file model35.txt (compact mmCIF, C-alpha atoms and all ligand atoms)
# COMPACT_ATOMS: atom_id res chain seq x y z
CA MET A 1 89.37 116.15 102.53
CA ASN A 2 92.96 117.37 102.63
CA GLY A 3 94.98 114.19 102.98
CA LEU A 4 93.88 110.63 103.72
CA ILE A 5 94.12 109.59 107.37
CA ASP A 6 91.28 107.06 107.74
CA ILE A 7 89.69 105.00 104.97
CA ALA A 8 86.25 106.06 106.30
CA GLU A 9 86.95 109.53 104.89
CA LEU A 10 86.37 108.10 101.39
CA SER A 11 82.80 107.39 100.28
CA ILE A 12 81.98 104.28 98.24
CA GLU A 13 81.69 106.56 95.20
CA GLU A 14 85.18 107.96 95.85
CA LEU A 15 86.60 104.45 96.27
CA ASP A 16 84.94 103.43 92.97
CA SER A 17 86.39 106.48 91.28
CA LEU A 18 89.92 105.73 92.60
CA MET A 19 89.64 102.14 91.37
CA ALA A 20 88.45 103.35 87.95
CA VAL A 21 91.44 105.71 87.69
CA ALA A 22 93.82 102.93 88.80
CA GLU A 23 92.41 100.58 86.15
CA ASP A 24 92.77 103.30 83.51
CA ILE A 25 96.41 103.79 84.59
CA ILE A 26 96.95 100.02 84.20
CA GLU A 27 95.49 100.15 80.66
CA ASN A 28 96.99 103.50 79.57
CA PRO A 29 100.10 104.29 81.63
CA GLU A 30 101.45 106.74 79.02
CA LYS A 31 98.40 109.02 79.56
CA TYR A 32 99.60 109.69 83.12
CA GLN A 33 103.37 109.87 82.69
CA ASP A 34 103.53 113.67 83.04
CA SER A 35 100.51 114.18 85.31
CA CYS A 36 102.66 115.21 88.30
CA LYS A 37 105.48 116.96 86.44
CA HIS A 38 107.16 119.51 88.76
CA LYS A 39 105.32 118.06 91.80
CA LYS A 40 107.16 116.56 94.76
CA LEU A 41 106.14 113.77 97.12
CA ALA A 42 107.82 113.59 100.54
CA THR A 43 107.99 110.13 102.12
CA LEU A 44 108.50 110.49 105.89
CA PHE A 45 108.91 106.99 107.26
CA PHE A 46 109.59 106.70 111.00
CA GLU A 47 109.01 102.92 110.85
CA PRO A 48 110.42 100.27 108.48
CA SER A 49 108.70 99.61 105.17
CA THR A 50 109.40 97.95 101.84
CA ARG A 51 106.11 98.03 99.92
CA THR A 52 104.41 101.18 101.10
CA ARG A 53 107.36 103.54 100.81
CA LEU A 54 108.74 102.14 97.58
CA SER A 55 105.31 101.91 95.94
CA PHE A 56 104.60 105.54 96.83
CA GLU A 57 107.95 106.50 95.38
CA ALA A 58 107.45 104.38 92.24
CA ALA A 59 103.93 105.84 91.90
CA MET A 60 105.22 109.42 91.97
CA HIS A 61 108.03 108.66 89.50
CA GLU A 62 105.55 107.01 87.10
CA LEU A 63 103.39 110.14 87.29
CA GLY A 64 106.38 112.25 86.23
CA GLY A 65 106.97 113.78 89.66
CA SER A 66 109.90 113.57 92.03
CA VAL A 67 110.45 112.32 95.58
CA ILE A 68 112.23 113.59 98.69
CA GLY A 69 112.19 112.16 102.20
CA PHE A 70 113.71 109.70 104.63
CA SER A 71 113.24 106.01 105.39
CA ASP A 72 114.39 106.22 109.00
CA GLY A 73 113.22 108.83 111.49
CA ASP A 74 116.59 108.52 113.26
CA ASN A 75 118.07 110.45 110.33
CA SER A 76 115.63 113.31 110.84
CA SER A 77 115.52 116.11 113.40
CA ALA A 78 112.95 114.09 115.33
CA VAL A 79 115.96 112.66 117.21
CA LYS A 80 116.71 116.21 118.41
CA GLY A 81 113.18 116.45 119.77
CA GLU A 82 111.29 118.08 116.89
CA SER A 83 107.56 117.40 117.09
CA VAL A 84 105.45 115.68 114.42
CA ALA A 85 103.51 118.91 113.89
CA ASP A 86 106.67 120.97 113.34
CA THR A 87 108.20 118.31 111.07
CA ALA A 88 105.06 118.30 108.90
CA ARG A 89 104.88 122.10 108.82
CA VAL A 90 108.48 122.27 107.63
CA VAL A 91 108.23 119.51 105.00
CA GLY A 92 105.01 121.14 103.73
CA CYS A 93 107.23 124.03 102.63
CA TYR A 94 109.27 121.70 100.40
CA ALA A 95 106.81 119.14 99.00
CA ASP A 96 103.34 119.16 97.42
CA ILE A 97 102.14 116.02 99.21
CA ILE A 98 103.41 113.88 102.10
CA ALA A 99 103.14 110.15 102.85
CA MET A 100 103.91 109.53 106.53
CA ARG A 101 104.38 106.27 108.41
CA HIS A 102 104.83 106.53 112.17
CA PHE A 103 104.94 104.14 115.11
CA ILE A 104 102.89 106.66 117.13
CA GLU A 105 99.14 106.27 116.64
CA GLY A 106 97.57 109.49 115.39
CA ALA A 107 100.84 111.03 114.12
CA PRO A 108 99.73 111.41 110.46
CA PHE A 109 96.47 112.99 111.67
CA VAL A 110 98.42 115.61 113.63
CA ALA A 111 100.71 116.14 110.62
CA ASP A 112 97.74 116.69 108.29
CA ARG A 113 96.21 119.19 110.71
CA ASN A 114 99.40 121.17 110.89
CA CYS A 115 100.83 121.49 107.43
CA ALA A 116 100.07 123.19 104.19
CA VAL A 117 99.87 120.15 101.91
CA PRO A 118 97.87 116.88 102.00
CA VAL A 119 99.25 114.16 104.31
CA ILE A 120 98.58 110.48 103.61
CA ASN A 121 98.62 108.01 106.49
CA ALA A 122 101.03 105.27 105.37
CA GLY A 123 100.43 103.32 108.61
CA ASP A 124 100.23 104.62 112.20
CA GLY A 125 101.25 102.06 114.82
CA GLY A 126 98.64 99.34 115.28
CA HIS A 127 95.83 101.71 114.30
CA ASN A 128 95.14 102.21 110.57
CA HIS A 129 96.66 101.70 107.12
CA PRO A 130 94.23 103.15 104.59
CA THR A 131 96.38 102.86 101.46
CA GLN A 132 96.88 99.13 102.04
CA THR A 133 93.08 98.96 101.99
CA LEU A 134 93.08 100.66 98.59
CA ALA A 135 95.40 97.90 97.34
CA ASP A 136 93.19 95.24 98.95
CA LEU A 137 89.96 96.61 97.45
CA LEU A 138 91.32 96.80 93.91
CA THR A 139 92.64 93.24 94.23
CA ILE A 140 89.27 91.96 95.45
CA LYS A 141 87.45 93.78 92.65
CA ARG A 142 89.79 92.47 89.96
CA GLU A 143 89.96 88.90 91.28
CA LYS A 144 86.36 88.40 92.46
CA GLY A 145 84.62 90.86 90.11
CA ARG A 146 82.72 92.48 93.00
CA LEU A 147 83.01 94.10 96.40
CA ASN A 148 79.66 92.94 97.74
CA ASN A 149 78.18 89.54 98.66
CA LEU A 150 81.46 88.18 100.00
CA THR A 151 82.40 86.14 103.08
CA VAL A 152 85.75 87.46 104.23
CA GLY A 153 87.91 85.61 106.77
CA PHE A 154 90.57 87.57 108.66
CA CYS A 155 93.15 85.32 110.28
CA GLY A 156 96.02 85.96 112.70
CA ASP A 157 96.80 89.16 114.57
CA LEU A 158 93.54 91.08 114.37
CA LYS A 159 94.39 93.20 117.42
CA TYR A 160 97.53 94.94 116.15
CA GLY A 161 96.97 94.33 112.41
CA ARG A 162 96.26 97.87 111.20
CA THR A 163 95.48 96.64 107.67
CA VAL A 164 92.65 94.52 109.11
CA HIS A 165 91.16 97.53 110.92
CA SER A 166 91.12 99.66 107.77
CA LEU A 167 89.82 96.91 105.47
CA CYS A 168 86.98 95.97 107.88
CA THR A 169 85.96 99.62 108.03
CA ALA A 170 85.90 99.89 104.24
CA LEU A 171 84.09 96.59 103.54
CA SER A 172 81.47 97.29 106.24
CA ARG A 173 79.87 99.77 103.85
CA TYR A 174 79.25 97.21 101.09
CA GLN A 175 76.14 95.01 100.76
CA GLY A 176 76.03 91.32 101.65
CA ILE A 177 79.35 91.19 103.49
CA LYS A 178 80.01 88.60 106.20
CA PHE A 179 83.17 88.59 108.34
CA VAL A 180 84.78 85.55 109.97
CA PHE A 181 87.41 86.64 112.51
CA ILE A 182 89.89 83.82 113.19
CA ALA A 183 92.28 84.67 116.02
CA PRO A 184 93.54 83.50 119.41
CA LYS A 185 91.73 85.25 122.28
CA GLU A 186 94.76 87.49 122.93
CA LEU A 187 94.70 88.88 119.36
CA LYS A 188 90.97 89.41 118.77
CA ILE A 189 89.66 92.30 116.67
CA PRO A 190 89.26 95.49 118.79
CA SER A 191 85.81 95.84 120.31
CA TYR A 192 85.32 99.36 118.95
CA LEU A 193 85.34 97.93 115.42
CA ILE A 194 82.80 95.25 116.39
CA TYR A 195 80.35 97.60 118.13
CA GLU A 196 80.82 100.89 116.34
CA VAL A 197 81.58 99.85 112.77
CA ILE A 198 80.55 96.25 112.07
CA GLU A 199 77.37 95.96 114.17
CA LYS A 200 76.40 99.57 113.45
CA ASN A 201 76.41 98.75 109.73
CA GLY A 202 74.38 95.55 110.30
CA ILE A 203 77.23 93.31 109.10
CA GLU A 204 77.00 89.61 109.98
CA TYR A 205 80.14 88.30 111.72
CA VAL A 206 81.47 85.37 113.74
CA GLU A 207 84.58 85.07 115.90
CA CYS A 208 86.40 81.72 116.14
CA ASP A 209 89.88 80.30 116.55
CA ASN A 210 89.98 77.41 114.04
CA LEU A 211 91.16 78.25 110.52
CA GLU A 212 90.49 74.81 109.07
CA GLU A 213 86.86 74.82 110.20
CA ALA A 214 86.25 78.33 108.89
CA MET A 215 87.90 77.72 105.52
CA PRO A 216 85.07 76.09 103.46
CA GLU A 217 82.71 79.09 103.61
CA LEU A 218 85.25 81.80 102.75
CA ASP A 219 85.39 83.75 99.49
CA ILE A 220 88.47 85.59 100.71
CA LEU A 221 91.05 84.58 103.30
CA TYR A 222 93.04 87.59 104.58
CA MET A 223 96.09 86.23 106.41
CA THR A 224 98.16 88.46 108.68
CA ARG A 225 101.53 88.37 110.40
CA VAL A 226 101.64 88.41 114.20
CA GLN A 227 103.05 91.91 114.75
CA GLY A 228 106.02 91.19 117.03
CA GLU A 229 107.01 94.87 117.13
CA ARG A 230 103.74 95.84 118.90
CA PHE A 231 103.97 93.38 121.83
CA GLU A 232 105.06 94.67 125.22
CA ASP A 233 105.59 91.08 126.42
CA LYS A 234 108.03 89.33 124.04
CA ALA A 235 107.32 85.95 125.65
CA GLU A 236 103.68 86.33 124.67
CA TYR A 237 104.74 87.07 121.09
CA GLU A 238 106.86 83.88 121.05
CA ARG A 239 103.88 81.90 122.31
CA LEU A 240 101.46 83.33 119.72
CA LYS A 241 103.60 83.89 116.64
CA ASP A 242 102.89 80.51 115.02
CA SER A 243 99.17 80.43 115.88
CA TYR A 244 98.20 79.97 112.21
CA ILE A 245 100.21 78.65 109.29
CA LEU A 246 98.43 78.33 105.96
CA THR A 247 99.56 75.17 104.18
CA MET A 248 98.38 73.33 101.07
CA ASP A 249 96.66 70.81 103.41
CA LYS A 250 94.49 73.63 104.74
CA MET A 251 93.94 75.06 101.25
CA ALA A 252 92.34 71.72 100.36
CA HIS A 253 89.37 72.75 102.56
CA ALA A 254 88.82 76.01 100.64
CA LYS A 255 86.54 76.85 97.74
CA GLU A 256 88.11 76.52 94.31
CA ASP A 257 87.63 80.24 93.71
CA MET A 258 88.59 81.49 97.19
CA ILE A 259 91.44 84.00 97.08
CA VAL A 260 94.22 84.39 99.64
CA LEU A 261 95.32 87.93 100.49
CA HIS A 262 98.08 89.12 102.83
CA PRO A 263 99.35 92.70 103.20
CA LEU A 264 102.92 91.34 103.52
CA PRO A 265 105.60 91.08 104.78
CA ARG A 266 105.03 87.38 105.42
CA VAL A 267 107.12 85.58 108.00
CA ASN A 268 105.95 81.96 108.06
CA GLU A 269 102.15 82.26 108.31
CA ILE A 270 101.78 81.23 104.66
CA SER A 271 103.84 78.27 103.46
CA THR A 272 105.76 79.17 100.30
CA GLN A 273 104.10 76.14 98.65
CA VAL A 274 100.85 78.14 98.64
CA ASP A 275 102.51 80.74 96.36
CA TYR A 276 102.14 78.31 93.45
CA ASP A 277 98.38 77.98 93.96
CA PRO A 278 96.45 80.28 91.57
CA ARG A 279 94.30 81.37 94.52
CA ALA A 280 97.32 83.10 96.11
CA CYS A 281 96.90 86.80 95.24
CA TYR A 282 99.21 88.54 97.71
CA PHE A 283 101.82 89.55 95.16
CA LYS A 284 99.04 90.94 92.92
CA GLN A 285 98.08 93.13 95.91
CA VAL A 286 101.60 94.60 95.86
CA LEU A 287 101.28 95.71 92.24
CA ASN A 288 97.71 96.96 92.67
CA GLY A 289 98.93 99.05 95.61
CA LYS A 290 101.19 101.07 93.34
CA TYR A 291 98.34 101.84 90.92
CA MET A 292 95.95 102.81 93.73
CA ARG A 293 98.60 105.10 95.25
CA MET A 294 99.03 106.72 91.84
CA ALA A 295 95.27 107.30 91.69
CA LEU A 296 95.24 108.68 95.24
CA ILE A 297 98.12 111.09 94.58
CA LEU A 298 96.29 112.37 91.48
CA LYS A 299 93.07 112.83 93.45
CA LEU A 300 94.70 114.61 96.38
CA LEU A 301 96.85 116.89 94.24
CA GLY A 302 93.86 117.64 92.02
CA SER A 303 91.57 118.55 94.89
CA ALA A 304 94.09 120.02 97.33
CA THR A 305 92.44 122.87 99.17
CA LYS A 306 95.58 123.70 101.07
CA GLY A 307 98.23 126.02 99.71
CA ILE A 308 101.55 127.43 100.81
CA SER A 309 101.15 130.76 102.50
CA ALA A 310 102.16 132.27 105.81
CA ASP A 311 98.71 131.41 107.17
CA ALA A 312 98.76 127.86 105.86
CA VAL A 313 101.66 126.88 108.08
CA ARG A 314 99.64 127.70 111.20
CA PRO A 315 97.97 124.69 112.86
CA THR A 316 94.27 124.06 112.39
CA PRO A 317 92.58 124.25 115.80
CA LEU A 318 90.44 121.29 116.81
CA THR A 319 86.98 122.71 117.39
CA ASP A 320 84.45 119.87 117.33
CA ASP A 321 85.50 117.85 120.37
CA ALA A 322 83.28 116.66 123.14
CA ASN A 323 85.42 117.65 126.09
CA GLY A 324 88.69 119.17 127.09
CA GLU A 325 90.63 116.22 128.51
CA CYS A 326 93.91 115.83 126.70
CA LYS A 327 95.61 112.51 127.56
CA CYS A 328 94.53 109.19 126.12
CA GLN A 329 94.86 105.92 128.08
CA ASN A 330 96.68 104.35 125.09
CA THR A 331 100.35 105.00 125.84
CA LYS A 332 101.18 104.61 122.12
CA CYS A 333 98.90 107.54 121.26
CA ILE A 334 100.33 110.82 120.06
CA THR A 335 98.69 112.70 122.93
CA HIS A 336 101.54 111.35 125.10
CA THR A 337 104.37 112.63 122.92
CA GLU A 338 103.16 115.83 121.29
CA GLN A 339 102.92 118.98 123.39
CA GLU A 340 99.70 120.95 123.69
CA LEU A 341 97.33 118.50 122.05
CA GLN A 342 94.06 119.67 123.55
CA GLN A 343 90.55 118.26 123.51
CA ALA A 344 91.51 114.80 122.40
CA PHE A 345 88.13 113.11 122.64
CA LYS A 346 85.19 112.88 120.25
CA LEU A 347 81.65 111.72 121.04
CA VAL A 348 81.00 108.67 118.84
CA ASP A 349 77.69 107.51 120.39
CA LYS A 350 75.39 110.06 122.01
CA ASP A 351 72.96 107.47 123.47
CA MET A 352 75.70 105.38 125.09
CA ASN A 353 77.84 108.48 125.82
CA ILE A 354 80.90 106.84 124.27
CA LEU A 355 83.94 109.08 123.93
CA ARG A 356 86.90 108.05 121.84
CA CYS A 357 90.33 109.52 121.37
CA LYS A 358 90.35 111.62 118.25
CA TYR A 359 93.81 110.39 117.31
CA CYS A 360 93.87 106.63 117.99
CA GLU A 361 90.17 105.77 118.71
CA THR A 362 90.86 104.31 122.16
CA ARG A 363 87.79 104.62 124.39
CA ALA A 364 87.95 107.29 127.07
CA LYS A 365 87.82 106.01 130.63
N1 LIG B 401 101.95 96.09 103.57
C1 LIG B 401 102.87 96.94 104.07
O1 LIG B 401 102.54 97.95 104.70
O2 LIG B 401 104.17 96.58 103.82
P1 LIG B 401 105.45 97.43 104.27
O3 LIG B 401 105.49 97.41 105.77
O4 LIG B 401 106.62 96.75 103.64
O5 LIG B 401 105.26 98.83 103.77

call {"tool": "encode", "arguments": {"input": "model35.txt", "output": "structure tokens"}}
result
Amino acid sequence: MNGLIDIAELSIEELDSLMAVAEDIIENPEKYQDSCKHKKLATLFFEPSTRTRLSFEAAMHELGGSVIGFSDGDNSSAVKGESVADTARVVGCYADIIAMRHFIEGAPFVADRNCAVPVINAGDGGHNHPTQTLADLLTIKREKGRLNNLTVGFCGDLKYGRTVHSLCTALSRYQGIKFVFIAPKELKIPSYLIYEVIEKNGIEYVECDNLEEAMPELDILYMTRVQGERFEDKAEYERLKDSYILTMDKMAHAKEDMIVLHPLPRVNEISTQVDYDPRACYFKQVLNGKYMRMALILKLLGSATKGISADAVRPTPLTDDANGECKCQNTKCITHTEQELQQAFKLVDKDMNILRCKYCETRAK
């Protein structure tokens, strides 16, 4: 592993090890205060962020390192037409590690393939958000005492909610997990996650649209914001944005030890009254995210196989693809904006002959 693009790149053992390091940092912060002395993190954020960017920056400062970067792609040479690959190649000459958020799906993957230092996906469009999953997993472990034998309800925008996609992928590898997907039909979880991750791992799941009815069996309720910025049809967003609002009346149907998670930002899908309930753990997630990002930076800098050299700034060719088509049907995919991305598809199921885009996982036509 060079960077971290998809949570599936980390084994359960690696996740356990990251959580153990994060918990050691919580207990003994002084042990780590110089761990990244003379190292630089670059935060390249082409999309707005409060938690992810600032927690990465706080994480690097607390490890004794320093931070460069930008919080708005419009202040970078991307506005002059510079590609993601070139941007990453250049920043890899200045920093030891990069955290990239981009509205284009697959952009951090292309960056990681093309630069000399590890790239961390800090959220790519509606696709994935693996470091939010690290925050979620540590919160579940610390609040529930386990990561197996849990019934997890995901509620809201499961179509565009990238944190949902990454957390489902991670939890699908644990024992005794059941998922309850609560969403309007327009915002259902993508079918590739159902067929190729959840069913493939033998995970029990149900899909429904009633939060109140689902509530009593849940150990965890993962609320999400309806992602207005991803909708092509703004009228549809207006119609769906208040589909679910968690109130204390609804909390009355939940188990006494259920926990409520939310990646934040919240708009109005959780009433502020719920914040006072001890089962509300979404601000604990924020803090845990910083510790998990510290652990991840330590891991990636410790195991970095890349290095700065003339050769290292050359792109890594993609060699293991199933065919040579190069445009994905998802118009938000990086194959539409980056020149010369070849062989975009990978064979994910030989028996069914299912091809998926290597960058955004959309099924090939
Ligand atoms: N959870 C999360 O990604 O928050 P930000 O968009 O503020 O980074």

call {"tool": "closest_residue", "arguments": {"input": "model35.txt", "among": "A:Ile334, A:Met248, A:Leu264, A:Ala95", "to": "Asp124 of chain A", "atoms": "only C-alpha atoms"}}
result
A:Ile334

call {"tool": "residues_around", "arguments": {"input": "model35.txt", "residues": "Lys40 of chain A", "least_positions_apart": "3", "cutoff": "9 Å", "atoms": "only C-alpha atoms", "output": "JSON, numbers by chain"}}
result
{"A": [36, 37, 60, 65, 66, 67, 68, 94, 95, 96, 97, 98]}

call {"tool": "closest_residue", "arguments": {"input": "model35.txt", "among": "A:Arg239, A:Lys144, A:Arg101, A:Lys327", "to": "ligand LIG 401 (chain B)", "atoms": "all atoms listed in the file"}}
result
A:Arg101

call {"tool": "closest_residue", "arguments": {"input": "model35.txt", "among": "A:Thr247, A:Thr331, A:Gln339, A:Gln227", "to": "Asp277 of chain A", "atoms": "only C-alpha atoms"}}
result
A:Thr247

call {"tool": "axis_aligned_box", "arguments": {"input": "model35.txt", "around": "ligand LIG 401 (chain B)", "padding_each_side": "5 Å", "output": "JSON"}}
result
{"center_x": 104.3, "center_y": 97.5, "center_z": 104.7, "size_x": 14.7, "size_y": 12.7, "size_z": 12.2}

call {"tool": "residues_around", "arguments": {"input": "model35.txt", "residues": "Val21 of chain A", "least_positions_apart": "5", "cutoff": "10 Å", "atoms": "all atoms listed in the file", "output": "compact mmCIF listing (two decimals) with C-alpha atoms, in the coordinates of the input"}}
result
# COMPACT_ATOMS: atom_id res chain seq x y z
CA LEU A 15 86.60 104.45 96.27
CA ASP A 16 84.94 103.43 92.97
CA ILE A 26 96.95 100.02 84.20
CA GLU A 27 95.49 100.15 80.66
CA TYR A 291 98.34 101.84 90.92
CA MET A 292 95.95 102.81 93.73
CA MET A 294 99.03 106.72 91.84
CA ALA A 295 95.27 107.30 91.69
CA LEU A 296 95.24 108.68 95.24
CA LEU A 298 96.29 112.37 91.48
CA LYS A 299 93.07 112.83 93.45

call {"tool": "residues_near_ligand", "arguments": {"input": "model35.txt", "ligand": "ligand LIG 401 (chain B)", "cutoff": "10 Å", "atoms": "all atoms listed in the file", "output": "ChimeraX atom specification"}}
result
/A:45,47-56,101,122-123,129-133,135-136,162-163,224,262-266,282,285-286,289

call {"tool": "atom_distance", "arguments": {"input": "model35.txt", "atom1": "atom CA of Lys255 of chain A", "atom2": "atom CA of Pro216 of chain A"}}
result
6.0 Å

call {"tool": "atom_distance", "arguments": {"input": "model35.txt", "atom1": "atom CA of Val79 of chain A", "atom2": "atom CA of Ala107 of chain A"}}
result
15.5 Å

call {"tool": "closest_residue", "arguments": {"input": "model35.txt", "among": "A:Tyr205, A:Asn148, A:Pro190, A:Lys365", "to": "Asn353 of chain A", "atoms": "only C-alpha atoms"}}
result
A:Lys365

call {"tool": "closest_residue", "arguments": {"input": "model35.txt", "among": "A:Asp86, A:Val197, A:Gly302, A:Leu134", "to": "Asp349 of chain A", "atoms": "all atoms listed in the file"}}
result
A:Val197

call {"tool": "closest_residue", "arguments": {"input": "model35.txt", "among": "A:Asp351, A:Glu256, A:Glu105, A:Asp34", "to": "Cys333 of chain A", "atoms": "all atoms listed in the file"}}
result
A:Glu105

call {"tool": "atom_distance", "arguments": {"input": "model35.txt", "atom1": "atom CA of Asp157 of chain A", "atom2": "atom CA of Gly126 of chain A"}}
result
10.4 Å

call {"tool": "residues_around", "arguments": {"input": "model35.txt", "residues": "Tyr359 of chain A", "least_positions_apart": "3", "cutoff": "12 Å", "atoms": "only C-alpha atoms", "output": "ChimeraX atom specification"}}
result
/A:5-6,104-113,124-125,127-128,318,321,326-330,332-336,338,341-346,355-356,362-364

call {"tool": "residues_around", "arguments": {"input": "model35.txt", "residues": "Leu211 of chain A", "least_positions_apart": "6", "cutoff": "12 Å", "atoms": "only C-alpha atoms", "output": "ChimeraX atom specification"}}
result
/A:153-156,180-184,217-218,221-223,243-247,249-251,253-254,269

call {"tool": "residues_around", "arguments": {"input": "model35.txt", "residues": "Ser76 of chain A", "least_positions_apart": "2", "cutoff": "12 Å", "atoms": "only C-alpha atoms", "output": "ChimeraX atom specification"}}
result
/A:44-46,69-74,78-84,87-88,90-91
